[in-house]
Amino acid sequence: MNIFQEIWKSIVRRDPLSTDKGKSELVFMNVWLHIHPAKVKKENMKFTHSFYLGFITFFLFIILVTTGIALMAYYRPYPPHAYQDMKDLQFVVFMGPFLRNMHRWAAHGMVICVFLHMCRVFYTGSYKKPRQFNWVIGVFLLLLTLGMSFTGYLMPWDQLAYWAITVGTNIGSYAPIVGGQLRELLLGGHTVGEAALLRFYVLHVALLPAVLILFTIVHFWRVRKDGGLSRPLWKLKKKTPPQLVTIGAPAEVAALQTVPASTTKTYGLMEVVTGKPIFETIAPEEADEEVFSYPYAFVREAVTLMATVTTIMTISLFFNAPLEELANPAKTPNPAKAPWYFLGLQELVSHSALLGGVVIPGLMVVALLLIPYIDRNPSRHLRDRKWALWIFTIFVVANLILIVIGTFFRGPGWALVPPWVHVTGGVE
Amino acid sequence: MNRRSFLSWGAVGVAALCSGVVVSLGAVLKFLTPTVFYEPPQAFKIGNPGDFPFGQPTFLVEEKIYVFRDRVKGFAVASAVCTHLGCTVAHFSSDDRFHCPCHGSVFGADGAVIHGPAPRALDWYEVTQTRDGQLRVDKDKIVPPTYRLMV
């Protein structure tokens with residue numbers, strides 16, 4: 001064995017990938033891959049079941065971390081410099097605009113994909129027992145994503161950033177009793193100023209990402225512990241009694257035999273490692289559609305990753321992230337709008353700050369968190385879930401309508417202006 | 001150690017731990033609450049009375065206030081910060097009202113809410129004359145809209 005082979009062997013200890021044992025060891029002897037099961041059910045990985053929205057969200061997060069760290073090399077979170085650094089990134093720094101575009105579009109994409117992922121999980125009933133708590137973790141991840149986006153929104157220190165954060169944090173101050181203090185704590189002052197920019201920066205690059213990563217770890221871990229990816233709706237059927245079968249038995253021990261198994265067994269075989277006879281409870285009709293994660297799942301994930309990165313890169317080539325003029329506390333742009341995903345909230349707030357800014361969003365979050373505990377219907381079939389589907393669809397559509405109104409139908413002075421009417425000047 | 005003393009010492013321990021956690025959380029909150037604000041002062045001089053014209057109000061950008069001067073009634077200072085979500089309101093001479101660009105709140109000449117989501121009227125601040133003859137505004141002293149300073 002030459003030295004190169006020796007080095008290779010010291011790094012990679014698994015059997016060759018041409019063997020089943022090698023394919024299994026690739027997964028569970030590798031710290032990065034062992035979040036996967038060694039085998040997956042083919043149908044669970046069908047694109048039309050999950051649209052890979054969870055994967056895409058995670059990959060967008062990876063893009064955000066990577067480009068975010070790159071941007072940190074030039075950005076100083078201090079008012080006179082922050083805007084100047086944005087200008088440098090936009091016009092002076094090599095690849096600056098491209099990286100900033102990627103960061104901005106991936107952030108928008110992540111908000112969209114988290115939301116769509118939540119919708120998919122709801123419509124396929126994948127939050128039902130035993131996955132209730134993972135849904136709760138997911139709602140927190142949605143909130144953290146919005147928090148990341150909101151804190152990042154202030155970073156450019158332009159008019160858009162300044163007024164979106166002024167309006168956004170003032171909404172929070174309507175919360176009863178603690179609202180005022182909460183805002184002061186968040187801003188480190190009474191107005192959006194240098195202290196606020198520094199605090200938002202710390203939240204954006206340190207605290208929130210750390211919490212987001214911790215929650216993501218728990219989210220992924222529980223996907224495995226709650227039984228892996230959920231079954232597609234078209235694979236749901238009546239359970240057949242599990243069978244105890246002998247698999248991997250050497251010829252001299254016994255022929256492959258099947259006997260009825262206990263229905264109360266609470267453990268399962270993780271993987272076959274050696275050639276000794278092993279007994280496992282499996283439902284026979286499912287066994288044949290299981291495949292090794294390598295290469296079946298990994299290829300699909302890698303393609304999804306590449307598609308995600310390519311899409312964000314392509315968008316970033318053609319569309320520039322907006323950068324308005326320097327923040328001016330004296331001059332409120334007309335109309336002043338929050339980030340688009342908060343425009344539904346702003347629309348509500350334009351009617352009542354307490355009701356629209358605190359009470360309704362608060363109730364929405366509580367309702368989302370409690371969904372798996374309110375909806376106790378065990379069936380995942382669409383035909384058994386008419387009420388749940390209607391209520392959730394109304395929730396989604398109402399949010400979308402509010403966002404569309406806030407984005408396209410609100411003009412100067414927050415007056416109702418259809419998008420096809422061109423307003424010049426505005427009321428100044 | 002008998003069962004009784006074990007349990008009572010255990011209770012003391014748990015109580016100590018809990019109070020430790022509470023005190024630590026309080027300390028973290030106290031740490032995060034700013035003790036010094038590097039913000040403009042709440043009370044400040046805005047210049048000599050003669051600097052301000054009669055009729056149309058003067059908007060002071062940094063201070064976010066409107067200074068009104070009337071030949072008969074004298075000086076009055078209104079806040080330009082919308083009471084809804086903190087946007088800067090604009091005073092229109094055409095209708096003598098304040099308009100907020102963010103959510104369409106409209107305030108009358110006396111600052112009272114005429115239209116929109118604003119929960120209360122615009123603030124009016126106390127304005128006084130100092131010994132050197134300059135006008136001094138104190139944002140911590142809210143006065144009724146009828147308040148006027150005759151110079």
# chains A, B, ... in the order shown; residues from 1 in each chain; ligands from 1

$ residues_around --residues "Ala43 (chain B)" --least-positions-apart "3" --cutoff "7 Å" --atoms "only C-alpha atoms" --output "VMD selection string"
chain B and resid 137 to 139

$ write_last_selection --atoms "all heavy atoms" --output "PDB file, in the first residue's frame"
ATOM      1  N   VAL B 137     -37.454  75.802  23.957  1.00  0.00           N
ATOM      2  CA  VAL B 137     -38.522  74.813  23.876  1.00  0.00           C
ATOM      3  C   VAL B 137     -38.173  73.639  24.780  1.00  0.00           C
ATOM      4  O   VAL B 137     -37.024  73.180  24.799  1.00  0.00           O
ATOM      5  CB  VAL B 137     -38.711  74.311  22.423  1.00  0.00           C
ATOM      6  CG1 VAL B 137     -39.726  73.184  22.369  1.00  0.00           C
ATOM      7  CG2 VAL B 137     -39.134  75.450  21.518  1.00  0.00           C
ATOM      8  N   ASP B 138     -39.134  73.170  25.556  1.00  0.00           N
ATOM      9  CA  ASP B 138     -38.913  71.997  26.410  1.00  0.00           C
ATOM     10  C   ASP B 138     -39.896  70.899  26.019  1.00  0.00           C
ATOM     11  O   ASP B 138     -41.096  70.984  26.271  1.00  0.00           O
ATOM     12  CB  ASP B 138     -39.099  72.374  27.878  1.00  0.00           C
ATOM     13  CG  ASP B 138     -38.635  71.247  28.797  1.00  0.00           C
ATOM     14  OD1 ASP B 138     -38.456  70.113  28.291  1.00  0.00           O
ATOM     15  OD2 ASP B 138     -38.444  71.510  29.996  1.00  0.00           O
ATOM     16  N   LYS B 139     -39.358  69.845  25.372  1.00  0.00           N
ATOM     17  CA  LYS B 139     -40.226  68.767  24.884  1.00  0.00           C
ATOM     18  C   LYS B 139     -40.783  67.915  26.024  1.00  0.00           C
ATOM     19  O   LYS B 139     -41.683  67.108  25.815  1.00  0.00           O
ATOM     20  CB  LYS B 139     -39.456  67.870  23.911  1.00  0.00           C
ATOM     21  CG  LYS B 139     -39.301  68.463  22.524  1.00  0.00           C
ATOM     22  CD  LYS B 139     -38.717  67.396  21.604  1.00  0.00           C
ATOM     23  CE  LYS B 139     -38.679  67.881  20.168  1.00  0.00           C
ATOM     24  NZ  LYS B 139     -38.117  66.831  19.300  1.00  0.00           N
TER      25      LYS B 139
END

$ residues_around --residues "Glu63 (chain B)" --least-positions-apart "6" --cutoff "10 Å" --atoms "only C-alpha atoms" --output "list in words"
Pro329 and Ala330 of chain A; Pro40, Pro41, Gln42, Ala43, Phe44, Ile46, Ser79, Ala80, Val81, Val137 and Lys139 of chain B

$ write_last_selection --atoms "N, CA and C atoms" --output "PDB file, in the first residue's frame"
ATOM      1  N   PRO A 329     -33.910  61.680   9.040  1.00  0.00           N
ATOM      2  CA  PRO A 329     -34.959  61.611  10.066  1.00  0.00           C
ATOM      3  C   PRO A 329     -36.011  62.702   9.925  1.00  0.00           C
ATOM      4  N   ALA A 330     -35.693  63.793   9.192  1.00  0.00           N
ATOM      5  CA  ALA A 330     -36.633  64.910   9.115  1.00  0.00           C
ATOM      6  C   ALA A 330     -37.664  64.699   8.021  1.00  0.00           C
TER       7      ALA A 330
ATOM      8  N   PRO B  40     -30.110  64.181  21.068  1.00  0.00           N
ATOM      9  CA  PRO B  40     -30.262  65.618  21.285  1.00  0.00           C
ATOM     10  C   PRO B  40     -31.051  65.868  22.571  1.00  0.00           C
ATOM     11  N   PRO B  41     -30.740  66.969  23.314  1.00  0.00           N
ATOM     12  CA  PRO B  41     -31.458  67.241  24.558  1.00  0.00           C
ATOM     13  C   PRO B  41     -32.936  67.539  24.303  1.00  0.00           C
ATOM     14  N   GLN B  42     -33.745  67.309  25.306  1.00  0.00           N
ATOM     15  CA  GLN B  42     -35.182  67.537  25.185  1.00  0.00           C
ATOM     16  C   GLN B  42     -35.526  69.018  25.273  1.00  0.00           C
ATOM     17  N   ALA B  43     -34.683  69.777  25.969  1.00  0.00           N
ATOM     18  CA  ALA B  43     -34.915  71.223  26.079  1.00  0.00           C
ATOM     19  C   ALA B  43     -33.787  71.942  25.359  1.00  0.00           C
ATOM     20  N   PHE B  44     -34.130  72.903  24.510  1.00  0.00           N
ATOM     21  CA  PHE B  44     -33.110  73.536  23.677  1.00  0.00           C
ATOM     22  C   PHE B  44     -33.574  74.929  23.253  1.00  0.00           C
ATOM     23  N   ILE B  46     -34.051  77.805  20.350  1.00  0.00           N
ATOM     24  CA  ILE B  46     -34.285  77.747  18.907  1.00  0.00           C
ATOM     25  C   ILE B  46     -33.983  79.074  18.213  1.00  0.00           C
ATOM     26  N   SER B  79     -45.381  69.552  17.968  1.00  0.00           N
ATOM     27  CA  SER B  79     -44.544  68.423  17.579  1.00  0.00           C
ATOM     28  C   SER B  79     -44.874  68.015  16.142  1.00  0.00           C
ATOM     29  N   ALA B  80     -43.852  67.640  15.372  1.00  0.00           N
ATOM     30  CA  ALA B  80     -44.072  67.191  13.996  1.00  0.00           C
ATOM     31  C   ALA B  80     -44.064  65.671  13.918  1.00  0.00           C
ATOM     32  N   VAL B  81     -44.070  65.012  15.101  1.00  0.00           N
ATOM     33  CA  VAL B  81     -44.024  63.550  15.122  1.00  0.00           C
ATOM     34  C   VAL B  81     -45.444  63.003  15.251  1.00  0.00           C
ATOM     35  N   VAL B 137     -37.454  75.802  23.957  1.00  0.00           N
ATOM     36  CA  VAL B 137     -38.522  74.813  23.876  1.00  0.00           C
ATOM     37  C   VAL B 137     -38.173  73.639  24.780  1.00  0.00           C
ATOM     38  N   LYS B 139     -39.358  69.845  25.372  1.00  0.00           N
ATOM     39  CA  LYS B 139     -40.226  68.767  24.884  1.00  0.00           C
ATOM     40  C   LYS B 139     -40.783  67.915  26.024  1.00  0.00           C
TER      41      LYS B 139
END

$ atom_distance --atom1 "CA of His84 (chain B)" --atom2 "CA of Arg120 (chain B)"
7.9 Å

$ closest_atom_pairs --of "chain A" --to "chain B" --cutoff "8 Å" --atoms "only C-alpha atoms" --output "JSON lines"
{"residue": "A:Trp163", "atom": "CA", "partner": "B:Cys87", "partner_atom": "CA", "distance": 7.6}
{"residue": "A:Thr166", "atom": "CA", "partner": "B:Gly86", "partner_atom": "CA", "distance": 6.8}
{"residue": "A:Val167", "atom": "CA", "partner": "B:Leu85", "partner_atom": "CA", "distance": 5.3}
{"residue": "A:Asn170", "atom": "CA", "partner": "B:Leu85", "partner_atom": "CA", "distance": 5.1}
{"residue": "A:Ile171", "atom": "CA", "partner": "B:Leu85", "partner_atom": "CA", "distance": 6.5}
{"residue": "A:Glu184", "atom": "CA", "partner": "B:Thr33", "partner_atom": "CA", "distance": 7.5}
{"residue": "A:Leu185", "atom": "CA", "partner": "B:Thr33", "partner_atom": "CA", "distance": 5.6}
{"residue": "A:Gly188", "atom": "CA", "partner": "B:Pro34", "partner_atom": "CA", "distance": 5.7}
{"residue": "A:Gly189", "atom": "CA", "partner": "B:Phe37", "partner_atom": "CA", "distance": 6.3}
{"residue": "A:Pro329", "atom": "CA", "partner": "B:Glu62", "partner_atom": "CA", "distance": 7.9}
{"residue": "A:Ala330", "atom": "CA", "partner": "B:Val61", "partner_atom": "CA", "distance": 5.2}
{"residue": "A:Lys331", "atom": "CA", "partner": "B:Thr88", "partner_atom": "CA", "distance": 6.6}
{"residue": "A:Thr332", "atom": "CA", "partner": "B:Thr88", "partner_atom": "CA", "distance": 5.7}
{"residue": "A:Pro333", "atom": "CA", "partner": "B:Pro101", "partner_atom": "CA", "distance": 7.1}
{"residue": "A:Asn334", "atom": "CA", "partner": "B:Pro101", "partner_atom": "CA", "distance": 5.0}
{"residue": "A:Pro335", "atom": "CA", "partner": "B:Cys102", "partner_atom": "CA", "distance": 5.4}
{"residue": "A:Ala336", "atom": "CA", "partner": "B:Cys102", "partner_atom": "CA", "distance": 5.1}
{"residue": "A:Lys337", "atom": "CA", "partner": "B:Cys102", "partner_atom": "CA", "distance": 7.3}
{"residue": "A:Val349", "atom": "CA", "partner": "B:Pro117", "partner_atom": "CA", "distance": 7.8}
{"residue": "A:Ser350", "atom": "CA", "partner": "B:His103", "partner_atom": "CA", "distance": 5.2}
{"residue": "A:His351", "atom": "CA", "partner": "B:Pro117", "partner_atom": "CA", "distance": 5.5}
{"residue": "A:Ser352", "atom": "CA", "partner": "B:Pro117", "partner_atom": "CA", "distance": 5.6}
{"residue": "A:Ala353", "atom": "CA", "partner": "B:His84", "partner_atom": "CA", "distance": 7.1}
{"residue": "A:Pro412", "atom": "CA", "partner": "B:Pro101", "partner_atom": "CA", "distance": 6.3}
{"residue": "A:Gly413", "atom": "CA", "partner": "B:Pro101", "partner_atom": "CA", "distance": 4.3}
{"residue": "A:Trp414", "atom": "CA", "partner": "B:His103", "partner_atom": "CA", "distance": 4.9}
{"residue": "A:Ala415", "atom": "CA", "partner": "B:Gly104", "partner_atom": "CA", "distance": 6.8}
{"residue": "A:Glu428", "atom": "CA", "partner": "B:Ala90", "partner_atom": "CA", "distance": 7.0}

$ residues_around --residues "Lys386 (chain A)" --least-positions-apart "4" --cutoff "12 Å" --atoms "only C-alpha atoms" --output "VMD selection string"
chain A and resid 123 125 375 377 379 to 382 390 to 393

$ write_last_selection --atoms "all heavy atoms" --output "mmCIF file, in the first residue's frame"
data_model
loop_
_atom_site.group_PDB
_atom_site.id
_atom_site.type_symbol
_atom_site.label_atom_id
_atom_site.label_comp_id
_atom_site.auth_asym_id
_atom_site.auth_seq_id
_atom_site.Cartn_x
_atom_site.Cartn_y
_atom_site.Cartn_z
ATOM 1 N N TYR A 123 -51.060 21.495 4.331
ATOM 2 C CA TYR A 123 -51.985 20.846 3.398
ATOM 3 C C TYR A 123 -51.784 19.340 3.329
ATOM 4 O O TYR A 123 -52.721 18.596 3.056
ATOM 5 C CB TYR A 123 -51.881 21.487 2.014
ATOM 6 C CG TYR A 123 -52.563 22.831 1.963
ATOM 7 C CD1 TYR A 123 -51.850 23.993 1.722
ATOM 8 C CD2 TYR A 123 -53.923 22.939 2.221
ATOM 9 C CE1 TYR A 123 -52.478 25.223 1.723
ATOM 10 C CE2 TYR A 123 -54.558 24.162 2.220
ATOM 11 C CZ TYR A 123 -53.832 25.306 1.971
ATOM 12 O OH TYR A 123 -54.463 26.510 1.984
ATOM 13 N N GLY A 125 -51.015 17.662 5.921
ATOM 14 C CA GLY A 125 -51.305 17.164 7.273
ATOM 15 C C GLY A 125 -50.092 16.587 7.971
ATOM 16 O O GLY A 125 -50.209 15.749 8.865
ATOM 17 N N ASP A 375 -56.235 20.928 16.141
ATOM 18 C CA ASP A 375 -56.711 19.993 15.123
ATOM 19 C C ASP A 375 -56.364 18.573 15.566
ATOM 20 O O ASP A 375 -55.266 18.087 15.330
ATOM 21 C CB ASP A 375 -56.031 20.324 13.797
ATOM 22 C CG ASP A 375 -56.443 19.359 12.707
ATOM 23 O OD1 ASP A 375 -57.422 18.611 12.921
ATOM 24 O OD2 ASP A 375 -55.794 19.343 11.650
ATOM 25 N N ASN A 377 -57.977 15.853 14.696
ATOM 26 C CA ASN A 377 -58.416 14.875 13.712
ATOM 27 C C ASN A 377 -57.198 14.087 13.216
ATOM 28 O O ASN A 377 -56.274 14.664 12.662
ATOM 29 C CB ASN A 377 -59.085 15.662 12.567
ATOM 30 C CG ASN A 377 -59.396 14.802 11.373
ATOM 31 O OD1 ASN A 377 -59.282 13.576 11.430
ATOM 32 N ND2 ASN A 377 -59.781 15.443 10.279
ATOM 33 N N SER A 379 -56.816 11.982 10.811
ATOM 34 C CA SER A 379 -56.695 11.672 9.384
ATOM 35 C C SER A 379 -55.924 12.743 8.637
ATOM 36 O O SER A 379 -56.062 13.936 8.897
ATOM 37 C CB SER A 379 -58.083 11.537 8.764
ATOM 38 O OG SER A 379 -57.960 11.442 7.360
ATOM 39 N N ARG A 380 -55.097 12.283 7.693
ATOM 40 C CA ARG A 380 -54.365 13.233 6.845
ATOM 41 C C ARG A 380 -55.035 13.387 5.492
ATOM 42 O O ARG A 380 -54.602 14.185 4.672
ATOM 43 C CB ARG A 380 -52.922 12.765 6.668
ATOM 44 C CG ARG A 380 -52.059 12.939 7.920
ATOM 45 C CD ARG A 380 -50.650 12.457 7.680
ATOM 46 N NE ARG A 380 -50.054 13.092 6.509
ATOM 47 C CZ ARG A 380 -49.023 12.603 5.840
ATOM 48 N NH1 ARG A 380 -48.479 11.465 6.203
ATOM 49 N NH2 ARG A 380 -48.545 13.230 4.788
ATOM 50 N N HIS A 381 -56.085 12.569 5.244
ATOM 51 C CA HIS A 381 -56.746 12.642 3.943
ATOM 52 C C HIS A 381 -57.471 13.971 3.782
ATOM 53 O O HIS A 381 -58.164 14.420 4.678
ATOM 54 C CB HIS A 381 -57.755 11.496 3.798
ATOM 55 C CG HIS A 381 -57.083 10.178 3.623
ATOM 56 N ND1 HIS A 381 -56.455 9.818 2.455
ATOM 57 C CD2 HIS A 381 -56.919 9.123 4.474
ATOM 58 C CE1 HIS A 381 -55.940 8.602 2.597
ATOM 59 N NE2 HIS A 381 -56.201 8.172 3.812
ATOM 60 N N LEU A 382 -57.326 14.577 2.602
ATOM 61 C CA LEU A 382 -57.936 15.889 2.359
ATOM 62 C C LEU A 382 -59.438 15.858 2.601
ATOM 63 O O LEU A 382 -60.020 16.777 3.145
ATOM 64 C CB LEU A 382 -57.639 16.350 0.929
ATOM 65 C CG LEU A 382 -56.169 16.649 0.625
ATOM 66 C CD1 LEU A 382 -55.994 17.021 -0.846
ATOM 67 C CD2 LEU A 382 -55.637 17.760 1.513
ATOM 68 N N TRP A 390 -60.289 24.766 4.955
ATOM 69 C CA TRP A 390 -60.948 26.047 4.710
ATOM 70 C C TRP A 390 -60.353 27.148 5.582
ATOM 71 O O TRP A 390 -60.011 28.227 5.097
ATOM 72 C CB TRP A 390 -62.453 25.947 4.965
ATOM 73 C CG TRP A 390 -63.208 25.566 3.733
ATOM 74 C CD1 TRP A 390 -63.875 24.392 3.507
ATOM 75 C CD2 TRP A 390 -63.360 26.343 2.533
ATOM 76 N NE1 TRP A 390 -64.420 24.393 2.247
ATOM 77 C CE2 TRP A 390 -64.134 25.577 1.624
ATOM 78 C CE3 TRP A 390 -62.917 27.603 2.140
ATOM 79 C CZ2 TRP A 390 -64.470 26.031 0.359
ATOM 80 C CZ3 TRP A 390 -63.248 28.063 0.882
ATOM 81 C CH2 TRP A 390 -64.025 27.282 -0.001
ATOM 82 N N ILE A 391 -60.241 26.861 6.869
ATOM 83 C CA ILE A 391 -59.762 27.903 7.788
ATOM 84 C C ILE A 391 -58.349 28.341 7.420
ATOM 85 O O ILE A 391 -58.048 29.537 7.328
ATOM 86 C CB ILE A 391 -59.825 27.397 9.254
ATOM 87 C CG1 ILE A 391 -61.285 27.202 9.648
ATOM 88 C CG2 ILE A 391 -59.141 28.374 10.195
ATOM 89 C CD1 ILE A 391 -61.481 26.485 10.956
ATOM 90 N N PHE A 392 -57.488 27.353 7.157
ATOM 91 C CA PHE A 392 -56.091 27.702 6.842
ATOM 92 C C PHE A 392 -56.011 28.465 5.521
ATOM 93 O O PHE A 392 -55.257 29.431 5.396
ATOM 94 C CB PHE A 392 -55.225 26.444 6.781
ATOM 95 C CG PHE A 392 -53.753 26.734 6.687
ATOM 96 C CD1 PHE A 392 -53.036 27.126 7.809
ATOM 97 C CD2 PHE A 392 -53.081 26.634 5.478
ATOM 98 C CE1 PHE A 392 -51.689 27.405 7.728
ATOM 99 C CE2 PHE A 392 -51.723 26.913 5.394
ATOM 100 C CZ PHE A 392 -51.025 27.295 6.524
ATOM 101 N N THR A 393 -56.819 28.044 4.539
ATOM 102 C CA THR A 393 -56.803 28.723 3.235
ATOM 103 C C THR A 393 -57.263 30.171 3.379
ATOM 104 O O THR A 393 -56.670 31.083 2.791
ATOM 105 C CB THR A 393 -57.703 27.975 2.233
ATOM 106 O OG1 THR A 393 -57.295 26.608 2.210
ATOM 107 C CG2 THR A 393 -57.583 28.568 0.843
#

$ residues_around --residues "region 312-323 of chain A" --least-positions-apart "5" --cutoff "8 Å" --atoms "only C-alpha atoms" --output "PyMOL selection string"
chain A and resi 97-98+100-102+104-106+156+158+160

$ atom_distance --atom1 "CA of Asp20 (chain A)" --atom2 "CA of Tyr296 (chain A)"
13.1 Å

$ closest_residue --among "A:Met155, A:Leu89, A:Met72, A:Ala297" --to "Phe47 (chain A)" --atoms "only C-alpha atoms"
A:Ala297

$ atom_distance --atom1 "CA of Val127 (chain B)" --atom2 "CA of Pro144 (chain B)"
11.8 Å

$ residues_around --residues "region 69-76 of chain B" --least-positions-apart "4" --cutoff "8 Å" --atoms "only C-alpha atoms" --output "VMD selection string"
chain B and resid 52 to 57 124 to 127 147 to 151

$ write_last_selection --atoms "C-alpha atoms" --output "short mmCIF file (atom, residue, chain, number, x, y, z; two decimals), in the first residue's frame"
data_model
loop_
_atom_site.label_atom_id
_atom_site.label_comp_id
_atom_site.auth_asym_id
_atom_site.auth_seq_id
_atom_site.Cartn_x
_atom_site.Cartn_y
_atom_site.Cartn_z
CA PHE B 52 -39.50 83.53 12.88
CA PRO B 53 -41.91 85.00 10.33
CA PHE B 54 -45.56 85.70 11.03
CA GLY B 55 -48.23 83.51 9.48
CA GLN B 56 -46.83 80.27 8.10
CA PRO B 57 -45.18 77.96 10.68
CA TRP B 124 -47.69 71.12 21.94
CA TYR B 125 -44.53 72.01 23.81
CA GLU B 126 -43.85 74.74 26.31
CA VAL B 127 -41.95 77.66 24.81
CA TYR B 147 -50.81 77.85 25.25
CA ARG B 148 -49.13 80.91 23.78
CA LEU B 149 -46.01 82.90 24.54
CA MET B 150 -46.31 86.65 24.01
CA VAL B 151 -42.99 88.32 23.35
#

$ select_by_dssp --residues "region 2-251 of chain A" --states "strand (DSSP E or B)" --output "number ranges by chain"
A: 39-41, 158, 243-247
